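What follows is the content of data.cif (mmCIF, C-alpha atoms).
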data_structure
#
loop_
_atom_site.label_atom_id
_atom_site.label_comp_id
_atom_site.auth_asym_id
_atom_site.auth_seq_id
_atom_site.Cartn_x
_atom_site.Cartn_y
_atom_site.Cartn_z
CA MET A 7 3.26 -30.27 -20.86
CA ASN A 8 0.08 -30.64 -18.84
CA HIS A 9 0.85 -30.11 -15.10
CA LEU A 10 -2.71 -29.87 -13.83
CA PRO A 11 -3.47 -33.24 -12.22
CA PHE A 12 0.09 -33.50 -10.88
CA GLU A 13 0.05 -30.07 -9.25
CA ASP A 14 -3.23 -30.99 -7.58
CA TRP A 15 -1.83 -34.28 -6.36
CA LEU A 16 1.23 -32.48 -4.97
CA LEU A 17 -0.69 -29.77 -3.14
CA ASN A 18 -3.74 -31.70 -1.95
CA GLU A 19 -3.62 -33.93 1.07
CA GLU A 20 -5.83 -36.61 -0.43
CA PRO A 21 -4.10 -40.03 -0.43
CA LEU A 22 -2.98 -41.18 -3.90
CA SER A 23 -3.62 -44.62 -5.37
CA PRO A 24 -0.52 -46.71 -6.30
CA GLN A 25 -1.25 -46.00 -9.98
CA GLN A 26 -1.40 -42.21 -9.33
CA LYS A 27 1.83 -42.37 -7.31
CA LEU A 28 3.58 -44.05 -10.23
CA GLU A 29 2.23 -41.50 -12.71
CA LEU A 30 3.38 -38.67 -10.47
CA GLN A 31 6.88 -40.14 -10.10
CA ASN A 32 7.18 -40.51 -13.88
CA HIS A 33 5.99 -36.94 -14.38
CA LEU A 34 8.39 -35.52 -11.78
CA ALA A 35 11.31 -37.29 -13.46
CA ASN A 36 10.65 -35.30 -16.63
CA CYS A 37 9.16 -32.01 -15.37
CA THR A 38 11.43 -29.44 -13.70
CA GLN A 39 8.54 -27.08 -12.92
CA CYS A 40 6.58 -29.68 -10.91
CA THR A 41 9.77 -30.96 -9.24
CA GLN A 42 10.60 -27.43 -8.07
CA LEU A 43 7.02 -26.96 -6.84
CA ALA A 44 7.18 -30.25 -4.94
CA GLN A 45 10.52 -29.36 -3.33
CA ALA A 46 9.40 -25.86 -2.45
CA TRP A 47 6.14 -27.03 -0.89
CA SER A 48 7.95 -29.76 1.02
CA ALA A 49 10.37 -27.15 2.45
CA VAL A 50 7.52 -24.80 3.46
CA GLU A 51 5.50 -27.63 4.99
CA ASP A 52 8.52 -28.82 6.93
CA LEU A 53 9.20 -25.29 8.19
CA MET A 54 5.61 -24.83 9.37
CA LYS A 55 5.25 -28.28 10.90
CA HIS A 56 8.41 -27.81 12.96
CA ALA A 57 7.77 -24.22 14.01
CA PRO A 58 6.98 -24.15 17.74
CA ALA A 59 3.97 -22.26 19.11
CA VAL A 60 4.93 -18.67 19.98
CA GLU A 61 4.38 -17.94 23.69
CA PRO A 62 3.10 -14.62 25.00
CA ALA A 63 5.31 -12.51 27.28
CA PRO A 64 5.28 -13.59 30.96
CA ASP A 65 2.33 -12.54 33.18
CA PHE A 66 -0.18 -12.61 30.34
CA THR A 67 -2.98 -13.70 32.68
CA GLN A 68 -2.29 -10.83 35.11
CA ARG A 69 -2.40 -8.40 32.19
CA TRP A 70 -5.67 -10.02 31.07
CA GLU A 71 -7.18 -9.43 34.52
CA GLY A 72 -6.26 -5.74 34.27
CA PHE A 73 -7.64 -5.63 30.73
CA LEU A 74 -10.92 -7.19 31.96
CA VAL A 75 -11.31 -4.57 34.71
CA GLY A 76 -10.69 -1.76 32.18
CA LYS A 77 -13.18 -3.20 29.70
CA GLN A 78 -15.84 -3.68 32.40
CA ARG A 79 -15.40 -0.06 33.54
CA LYS A 80 -15.80 1.15 29.96
CA GLN A 81 -18.89 -1.04 29.56
CA ILE A 82 -20.47 0.46 32.70
CA ALA A 83 -19.65 4.00 31.53
CA ARG A 84 -21.20 3.26 28.11
CA ARG A 85 -24.34 1.87 29.75
CA GLN A 86 -24.61 4.95 31.98
CA ARG A 87 -24.27 7.23 28.93
CA TRP A 88 -27.00 5.25 27.23
CA ILE A 89 -29.31 5.57 30.27
CA THR A 90 -28.64 9.31 30.44
CA GLY A 91 -29.44 9.62 26.72
CA LEU A 92 -32.67 7.68 27.16
CA LEU A 93 -33.68 9.78 30.17
CA LEU A 94 -32.90 12.96 28.26
CA ALA A 95 -34.95 11.79 25.28
CA LEU A 96 -37.90 10.81 27.48
CA THR A 97 -37.75 14.02 29.49
CA GLY A 98 -37.31 16.08 26.32
CA GLY A 99 -40.29 14.32 24.73
CA GLY A 100 -42.36 14.85 27.87
CA ALA A 101 -41.28 18.48 28.06
CA LEU A 102 -42.21 19.08 24.44
CA LEU A 103 -45.61 17.49 25.02
CA LEU A 104 -46.08 19.62 28.16
CA PHE A 105 -45.05 22.73 26.28
CA ILE A 106 -47.49 22.11 23.44
CA LEU A 107 -50.39 21.35 25.79
CA LEU A 108 -49.69 24.35 28.04
CA ASN A 109 -49.59 26.72 25.12
CA LEU A 110 -52.46 25.32 23.12
CA ASP A 111 -55.17 27.16 25.06
CA SER A 112 -53.18 30.39 25.39
CA LEU A 113 -52.37 30.52 21.70
CA ARG A 114 -56.05 30.28 20.83
CA ASN A 115 -57.00 33.26 23.06
CA LEU A 116 -54.04 35.58 22.41
CA PRO A 117 -54.81 38.09 19.69
CA THR A 118 -51.40 39.48 18.58
CA ILE A 119 -48.21 37.76 17.40
CA GLY A 120 -46.18 39.76 19.96
CA GLU A 121 -48.26 38.38 22.83
CA ILE A 122 -48.02 34.83 21.48
CA PHE A 123 -44.22 35.20 21.22
CA THR A 124 -43.89 36.58 24.76
CA ARG A 125 -46.04 33.78 26.17
CA LEU A 126 -44.05 31.13 24.32
CA LEU A 127 -40.75 32.53 25.60
CA SER A 128 -41.90 32.75 29.24
CA ASN A 129 -43.28 29.18 29.11
CA ALA A 130 -40.07 27.89 27.51
CA ALA A 131 -37.97 29.56 30.25
CA LEU A 132 -40.22 28.03 32.93
CA LEU A 133 -39.94 24.63 31.31
CA ILE A 134 -36.14 24.76 31.02
CA ALA A 135 -35.85 25.77 34.67
CA THR A 136 -38.15 22.90 35.69
CA ILE A 137 -36.15 20.35 33.65
CA ALA A 138 -32.88 21.63 35.12
CA ASN A 139 -34.33 21.24 38.62
CA ILE A 140 -35.48 17.71 37.83
CA PHE A 141 -32.00 16.77 36.62
CA ASP A 142 -30.40 18.32 39.71
CA LEU A 143 -32.76 16.29 41.84
CA ALA A 144 -32.02 13.08 39.89
CA GLU A 145 -28.27 13.69 40.19
CA THR A 146 -28.54 14.28 43.94
CA ILE A 147 -30.56 11.07 44.35
CA GLY A 148 -28.02 9.19 42.19
CA ASN A 149 -25.12 10.43 44.32
CA VAL A 150 -26.85 9.59 47.59
CA LEU A 151 -27.80 6.02 46.56
CA PRO A 152 -25.19 3.51 47.77
CA PHE A 153 -25.99 0.94 45.01
CA PRO A 154 -26.38 1.17 41.20
CA ILE A 155 -29.98 1.23 39.97
CA PRO A 156 -30.68 -1.29 37.18
CA LEU A 157 -31.57 0.01 33.70
CA ILE A 158 -35.14 -1.29 33.82
CA VAL A 159 -35.86 0.68 37.04
CA TRP A 160 -34.58 3.88 35.38
CA ILE A 161 -36.83 3.29 32.37
CA ASP A 162 -39.81 2.60 34.67
CA LEU A 163 -39.11 5.78 36.65
CA ALA A 164 -38.80 7.88 33.51
CA MET A 165 -41.95 6.41 31.97
CA SER A 166 -43.91 6.94 35.21
CA PHE A 167 -42.67 10.53 35.32
CA VAL A 168 -43.78 11.19 31.74
CA LEU A 169 -47.17 9.55 32.39
CA LEU A 170 -47.70 11.56 35.58
CA CYS A 171 -46.80 14.77 33.75
CA SER A 172 -49.19 13.92 30.93
CA ALA A 173 -52.01 13.15 33.39
CA TRP A 174 -51.34 16.38 35.28
CA ILE A 175 -51.36 18.41 32.04
CA ALA A 176 -54.56 16.75 30.92
CA ILE A 177 -56.26 17.62 34.24
CA VAL A 178 -54.95 21.19 34.23
CA PHE A 179 -56.02 21.63 30.64
CA ARG A 180 -59.48 20.05 31.08
CA LEU A 181 -60.53 21.91 34.31
CA PRO A 182 -60.61 25.49 32.97
CA HIS A 183 -62.13 24.16 29.78
CA LYS A 184 -65.00 22.54 31.78
CA ARG A 185 -65.44 25.68 33.91
CA SER A 186 -65.77 27.85 30.83
CA ILE A 187 -68.41 25.46 29.39
CA ASN A 188 -70.36 25.58 32.75
CA ASN A 189 -70.15 29.38 32.81
CA GLU A 190 -71.39 29.55 29.23
CA THR A 191 -74.41 27.28 30.05
CA ARG A 192 -75.21 29.35 33.19
CA ASP A 193 -75.17 32.57 31.12
CA MET B 26 -10.33 -30.88 27.34
CA SER B 27 -8.92 -32.11 30.65
CA ASN B 28 -11.03 -32.37 33.81
CA PRO B 29 -9.92 -29.16 35.57
CA GLU B 30 -10.61 -27.22 32.35
CA VAL B 31 -14.15 -28.61 32.19
CA GLU B 32 -14.64 -27.59 35.81
CA TRP B 33 -13.21 -24.08 35.20
CA LEU B 34 -15.43 -23.68 32.18
CA ASP B 35 -18.46 -24.73 34.17
CA ARG B 36 -17.60 -22.30 36.98
CA ALA B 37 -16.76 -19.51 34.53
CA ARG B 38 -20.16 -19.91 32.89
CA LYS B 39 -21.71 -19.31 36.30
CA GLY B 40 -19.79 -16.02 36.58
CA ASP B 41 -16.65 -17.11 38.45
CA GLU B 42 -13.92 -14.68 37.28
CA ASP B 43 -11.09 -16.72 38.87
CA ALA B 44 -12.17 -19.79 36.91
CA PHE B 45 -12.10 -17.74 33.71
CA SER B 46 -8.58 -16.54 34.57
CA SER B 47 -7.56 -20.19 34.90
CA LEU B 48 -8.94 -20.80 31.41
CA VAL B 49 -6.93 -17.82 30.13
CA GLU B 50 -3.80 -19.30 31.70
CA ALA B 51 -4.52 -22.69 30.11
CA PHE B 52 -5.28 -21.40 26.60
CA LYS B 53 -3.08 -18.31 26.37
CA THR B 54 -0.41 -19.97 24.19
CA PRO B 55 -2.68 -21.42 21.45
CA VAL B 56 -4.66 -18.16 21.25
CA TYR B 57 -1.56 -15.95 21.27
CA ASN B 58 0.23 -18.16 18.72
CA LEU B 59 -2.72 -17.95 16.32
CA CYS B 60 -2.85 -14.16 16.72
CA TYR B 61 0.90 -13.88 16.19
CA ARG B 62 0.84 -16.10 13.08
CA MET B 63 -2.06 -14.07 11.71
CA LEU B 64 -0.83 -10.56 12.53
CA GLY B 65 2.95 -11.07 12.49
CA ASP B 66 3.65 -8.64 15.30
CA THR B 67 4.06 -9.40 19.02
CA GLY B 68 2.32 -6.22 20.24
CA GLU B 69 -0.67 -6.66 17.98
CA ALA B 70 -0.82 -10.36 18.84
CA GLU B 71 -0.95 -9.51 22.56
CA ASP B 72 -3.83 -7.04 22.00
CA ALA B 73 -5.68 -9.51 19.77
CA ALA B 74 -5.27 -12.33 22.30
CA GLN B 75 -6.60 -10.10 25.12
CA GLU B 76 -9.53 -9.05 22.93
CA THR B 77 -10.24 -12.70 22.06
CA PHE B 78 -10.49 -13.64 25.73
CA TRP B 79 -12.70 -10.59 26.37
CA ARG B 80 -15.05 -11.62 23.54
CA ALA B 81 -15.11 -15.19 24.84
CA HIS B 82 -15.84 -13.86 28.34
CA GLN B 83 -18.77 -11.84 26.98
CA SER B 84 -20.21 -14.71 24.87
CA LEU B 85 -19.65 -17.51 27.36
CA GLY B 86 -23.43 -17.84 27.76
CA LYS B 87 -23.77 -18.63 24.04
CA TYR B 88 -20.99 -21.26 24.07
CA ASP B 89 -22.19 -24.73 23.06
CA PRO B 90 -20.49 -27.26 25.38
CA ALA B 91 -20.77 -29.90 22.63
CA ARG B 92 -18.12 -27.96 20.70
CA PRO B 93 -14.45 -28.13 21.81
CA PHE B 94 -13.64 -24.99 23.81
CA ASN B 95 -10.22 -24.74 22.16
CA THR B 96 -11.75 -24.61 18.65
CA TRP B 97 -14.36 -22.09 19.80
CA LEU B 98 -11.65 -19.79 21.18
CA LEU B 99 -9.52 -20.17 18.04
CA SER B 100 -12.55 -19.33 15.92
CA ILE B 101 -13.06 -16.07 17.86
CA ALA B 102 -9.35 -15.24 17.53
CA ALA B 103 -9.26 -16.02 13.79
CA HIS B 104 -12.32 -13.88 13.05
CA TYR B 105 -10.95 -11.00 15.11
CA CYS B 106 -7.54 -11.17 13.40
CA ILE B 107 -9.11 -11.35 9.92
CA ASP B 108 -11.11 -8.19 10.76
CA GLN B 109 -7.99 -6.46 12.08
CA ILE B 110 -5.96 -7.25 8.96
CA ARG B 111 -8.76 -6.04 6.73
CA LYS B 112 -9.13 -2.90 8.82
CA ARG B 113 -5.48 -1.97 8.89
CA HIS B 114 -4.59 -3.24 5.39
CA MET B 115 -1.56 -4.73 7.09
CA GLN B 116 0.63 -6.22 4.37
CA SER B 117 4.15 -5.73 5.70
CA LEU B 118 5.84 -4.66 8.90
CA PRO B 119 8.27 -1.75 9.17
CA LEU B 120 11.92 -2.76 8.73
CA ASP B 121 12.92 -1.81 12.27
CA ILE B 122 10.49 -4.37 13.71
CA ILE B 123 11.85 -7.07 11.41
CA SER B 124 15.47 -6.42 12.31
CA GLU B 125 14.58 -6.28 16.00
CA GLU B 126 12.91 -9.67 15.81
CA THR B 127 15.69 -11.40 13.83
CA ALA B 128 18.58 -9.99 15.83
CA PRO B 129 20.06 -12.64 18.16
CA ASP B 130 19.70 -12.10 21.89
CA PRO B 131 23.26 -11.84 23.32
CA GLU B 132 21.90 -12.98 26.71
CA ALA B 133 20.50 -16.22 25.28
CA PRO B 134 22.38 -19.44 26.24
CA ASN B 135 22.90 -20.32 22.55
CA PRO B 136 22.76 -17.15 20.46
CA GLU B 137 23.40 -19.04 17.20
CA ALA B 138 20.44 -21.37 17.70
CA GLU B 139 18.38 -18.39 18.84
CA PHE B 140 19.32 -16.52 15.67
CA ARG B 141 18.32 -19.50 13.49
CA LYS B 142 15.04 -19.82 15.36
CA ASN B 143 14.32 -16.13 14.82
CA GLU B 144 15.23 -16.42 11.16
CA GLU B 145 12.78 -19.30 10.72
CA LYS B 146 10.13 -17.35 12.59
CA GLU B 147 10.74 -14.40 10.30
CA ALA B 148 10.66 -16.58 7.18
CA ILE B 149 7.26 -17.96 8.23
CA ARG B 150 5.99 -14.48 9.03
CA LYS B 151 7.01 -13.19 5.61
CA LEU B 152 5.42 -16.15 3.84
CA LEU B 153 2.14 -15.97 5.76
CA ASN B 154 2.00 -12.22 5.30
CA HIS B 155 1.51 -12.71 1.56
CA LEU B 156 -1.65 -14.79 1.99
CA SER B 157 -5.15 -13.33 2.16
CA PRO B 158 -6.48 -13.25 5.77
CA PRO B 159 -8.89 -16.24 5.43
CA ASP B 160 -6.26 -18.32 3.58
CA ARG B 161 -3.72 -17.47 6.27
CA ALA B 162 -6.17 -18.50 8.99
CA ALA B 163 -6.89 -21.80 7.22
CA ILE B 164 -3.16 -22.59 6.89
CA VAL B 165 -2.41 -21.69 10.53
CA LEU B 166 -5.32 -23.76 11.82
CA ARG B 167 -4.18 -26.74 9.75
CA TYR B 168 -0.42 -26.68 10.41
CA TRP B 169 -0.27 -25.43 14.01
CA TYR B 170 -3.47 -26.90 15.40
CA ASP B 171 -4.02 -29.95 13.16
CA LEU B 172 -7.67 -29.07 12.62
CA SER B 173 -9.58 -31.08 10.00
CA ASP B 174 -11.27 -29.44 6.99
CA GLU B 175 -14.62 -29.64 8.83
CA GLU B 176 -13.20 -28.01 11.97
CA ILE B 177 -11.53 -25.24 9.95
CA GLY B 178 -14.81 -24.72 8.10
CA LYS B 179 -16.69 -24.37 11.40
CA ALA B 180 -14.07 -22.03 12.84
CA LEU B 181 -13.98 -19.75 9.79
CA SER B 182 -17.65 -20.09 8.76
CA LEU B 183 -16.71 -21.75 5.46
CA THR B 184 -17.94 -24.86 3.66
CA VAL B 185 -15.62 -27.88 3.42
CA PRO B 186 -15.06 -27.45 -0.36
CA ALA B 187 -14.20 -23.77 0.28
CA VAL B 188 -11.65 -24.81 2.93
CA LYS B 189 -10.09 -27.35 0.55
CA SER B 190 -9.89 -24.77 -2.21
CA ARG B 191 -8.40 -22.12 0.10
CA LEU B 192 -5.79 -24.55 1.45
CA HIS B 193 -4.85 -25.63 -2.06
CA ARG B 194 -4.47 -22.04 -3.24
CA ALA B 195 -2.50 -21.07 -0.14
CA ARG B 196 -0.10 -24.01 -0.49
CA ARG B 197 0.52 -23.13 -4.12
CA GLU B 198 1.17 -19.50 -3.21
CA LEU B 199 3.52 -20.41 -0.37
CA ALA B 200 5.50 -22.82 -2.55
CA THR B 201 5.80 -20.23 -5.32
CA LEU B 202 6.95 -17.57 -2.84
CA TRP B 203 9.49 -19.93 -1.33
CA LEU B 204 10.81 -20.79 -4.78
CA ALA B 205 11.08 -17.13 -5.75
CA ASP B 206 12.80 -16.27 -2.47
CA THR B 207 15.30 -19.14 -2.81
CA THR B 208 16.12 -18.16 -6.40
CA HIS B 209 16.55 -14.53 -5.34
CA ASN B 210 18.84 -15.47 -2.43
CA LEU B 211 20.94 -17.74 -4.66
CA ALA B 212 21.37 -14.97 -7.22
CA ALA B 213 22.34 -12.50 -4.49
CA GLU B 214 24.88 -14.94 -3.06
CA ARG B 215 26.37 -15.53 -6.52
CA ARG B 216 26.70 -11.77 -7.06
CA HIS B 217 28.37 -11.44 -3.66
CA HIS B 218 31.03 -14.06 -4.49
CA GLU B 219 31.75 -12.73 -7.97
CA SER B 220 34.88 -10.56 -8.29
CA PRO B 221 34.08 -6.93 -9.03
CA ALA B 222 34.63 -5.88 -12.65
CA PHE B 223 37.15 -3.09 -13.13
#
Please go through the file and, once you have read it, give me the structure as structure tokens.
Amino acid sequence: MNHLPFEDWLLNEEPLSPQQKLELQNHLANCTQCTQLAQAWSAVEDLMKHAPAVEPAPDFTQRWEGFLVGKQRKQIARRQRWITGLLLALTGGGALLLFILLNLDSLRNLPTIGEIFTRLLSNAALLIATIANIFDLAETIGNVLPFPIPLIVWIDLAMSFVLLCSAWIAIVFRLPHKRSINNETRD
Amino acid sequence: MSNPEVEWLDRARKGDEDAFSSLVEAFKTPVYNLCYRMLGDTGEAEDAAQETFWRAHQSLGKYDPARPFNTWLLSIAAHYCIDQIRKRHMQSLPLDIISEETAPDPEAPNPEAEFRKNEEKEAIRKLLNHLSPPDRAAIVLRYWYDLSDEEIGKALSLTVPAVKSRLHRARRELATLWLADTTHNLAAERRHHESPAF
């Protein structure tokens, strides 16, 4: 027996024409499978339509307010971690640039590998100490400030710091270079 | 939406936390009910409802006032619950939770009615638990919230024909499950009443 149009008519919510209704009734009178399906669906539909909405436990809104505070705290902490990461990356990038520029001239003039190694180590130690001091200073400033500094200000500060460092390195690097050229022309 | 709700929504969009709390109070039951029908567990439903309100709180700026706030909230809840079910592969609850939920409360004024109510709740939970998460969401939105095919489609990011097809498939599955369960129960009852063979 072909159940297909009848099953669709039973399970869809589309209104049936009088002719379709009659055909369905005739089919249901002879088909146990479709009759069982119709009865089962009717029972499930009835159960769902009469099921009341489940209420949350009392004081849901108070719990929500606590949840909101917790989430906002986590969000602030995540943002602070992100700012710290950005600052570290910028400072690290600046420090690497500084390190390369500081050592460029020395590496050219140093004859032995031992001397190059010693110079690199001493410069690295100096750089690490400087970065640590900068972070100490930033932390102290952060603790003293009574209000949170927006992200954009932190980025601006970090960028300005990197730019200043780069300018300072460029000047330091260029001055002895110019002097040596002048000395060479005088000779 | 009623007038105070429109006003709370307007104030909440301007950053008024108290107004948002009023919205939570007004919509806690529909959101919680959807989460419960989707996840089938009171604890998980509570967490999902809280998370829904948090997501709504965070996206309030993107909310289109032309859309009903209720449907927007339900859409967030449905998507979150679908993700949770997929993440946890939650198909059935442990037996201790089931027995705890169906057991009648001796403190209730009418423990018999309470027991029947819990049994019905459990029957619905078992039935819905067999459906795929999007089919379950479509059925819940239709039978508990009376949403149209278009509204369900918008809430679940589906086309209208896809909603129709999902609802049809879900109804067929529910009816088949019900039939199988009834047959199984009848057989069990018959076995129970039969005299033991010696």
Please identify every residue of chain B that has at least one atom no farther than 10 Å from an atom of chain A, counting only C-alpha atoms, and for each give the shortest atom pair and the distance in Å to one decimal, arranged by chain then increasing number, as CSV.
residue,atom,partner,partner_atom,distance
B:Glu42,CA,A:Glu71,CA,9.0
B:Asp43,CA,A:Glu71,CA,9.3
B:Phe45,CA,A:Glu71,CA,9.7
B:Ser46,CA,A:Thr67,CA,6.6
B:Ser47,CA,A:Thr67,CA,8.2
B:Leu48,CA,A:Thr67,CA,9.4
B:Val49,CA,A:Thr67,CA,6.3
B:Glu50,CA,A:Thr67,CA,5.7
B:Ala51,CA,A:Thr67,CA,9.5
B:Lys53,CA,A:Pro62,CA,7.3
B:Thr54,CA,A:Glu61,CA,5.2
B:Pro55,CA,A:Ala59,CA,7.1
B:Val56,CA,A:Pro62,CA,9.3
B:Tyr57,CA,A:Pro62,CA,6.1
B:Asn58,CA,A:Val60,CA,4.9
B:Leu59,CA,A:Ala59,CA,8.4
B:Cys60,CA,A:Val60,CA,9.6
B:Tyr61,CA,A:Val60,CA,7.3
B:Arg62,CA,A:Val60,CA,8.4
B:Thr67,CA,A:Pro62,CA,8.0
B:Gly68,CA,A:Pro62,CA,9.7
B:Ala70,CA,A:Pro62,CA,8.5
B:Glu71,CA,A:Pro62,CA,7.0
B:Asp72,CA,A:Phe73,CA,9.6
B:Ala74,CA,A:Trp70,CA,9.1
B:Gln75,CA,A:Trp70,CA,6.0
B:Glu76,CA,A:Phe73,CA,8.7
B:Phe78,CA,A:Trp70,CA,8.1
B:Trp79,CA,A:Leu74,CA,6.8
B:His82,CA,A:Leu74,CA,9.0
B:Lys142,CA,A:Ala57,CA,8.6
B:Glu145,CA,A:Leu53,CA,7.4
B:Lys146,CA,A:Ala57,CA,7.4
B:Ala148,CA,A:Leu53,CA,8.9
B:Ile149,CA,A:Met54,CA,7.2
B:Leu152,CA,A:Val50,CA,8.9
B:Ile164,CA,A:Met54,CA,9.4
B:Val165,CA,A:Met54,CA,8.7
B:Arg167,CA,A:Lys55,CA,9.6
B:Tyr168,CA,A:Lys55,CA,5.9
B:Trp169,CA,A:Lys55,CA,6.9
B:Tyr170,CA,A:Ala59,CA,9.5
B:Asp171,CA,A:Lys55,CA,9.7
B:Lys189,CA,A:Asn18,CA,8.1
B:Ser190,CA,A:Asn18,CA,9.3
B:Leu192,CA,A:Asn18,CA,8.2
B:His193,CA,A:Leu17,CA,6.0
B:Arg194,CA,A:Leu17,CA,8.6
B:Ala195,CA,A:Leu17,CA,9.4
B:Arg196,CA,A:Leu17,CA,6.4
B:Arg197,CA,A:Leu17,CA,6.8
B:Glu198,CA,A:Trp47,CA,9.3
B:Leu199,CA,A:Val50,CA,7.1
B:Ala200,CA,A:Trp47,CA,4.6
B:Thr201,CA,A:Leu43,CA,7.0
B:Leu202,CA,A:Ala46,CA,8.7
B:Trp203,CA,A:Ala46,CA,6.0
B:Leu204,CA,A:Ala46,CA,5.8
B:Ala205,CA,A:Ala46,CA,9.5
B:Thr207,CA,A:Ala46,CA,8.9
How far is it from atom CA of Arg111 of chain B to atom CA of Pro158 of chain B, in Å with one decimal?
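Between these atoms lies a distance of 7.6 Å.
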At what distance in Å, to one decimal, does atom CA of Leu92 of chain A lie from atom CA of Ile147 of chain A?
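These atoms are spaced 17.6 Å apart.
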For atom CA of Ala180 of chain B and atom CA of Leu156 of chain B, determine how far apart the two atoms are, in Å to one decimal place.
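For atom CA of Ala180 of chain B relative to atom CA of Leu156 of chain B, the distance reads 18.0 Å.
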Result set, the PyMOL selection byres ((chain A and resi 9) around 9) on current file, as a ChimeraX atom specification
/A:7-8,10-14,33,37,39-40
Evaluate the PyMOL selection byres ((chain A and resi 102-104) around 12) and record the selected residues as a ChimeraX atom specification, following the chain and residue labels used in the document.
/A:94-101,105-110,129-130,132-134,136-137,168-176,178-179
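Between Leu153 of chain B and the residues B:Leu64, B:Lys179, B:Tyr105, B:Arg80, the shortest atom-to-atom distance, using all atoms listed in the file, involves B:Leu64.
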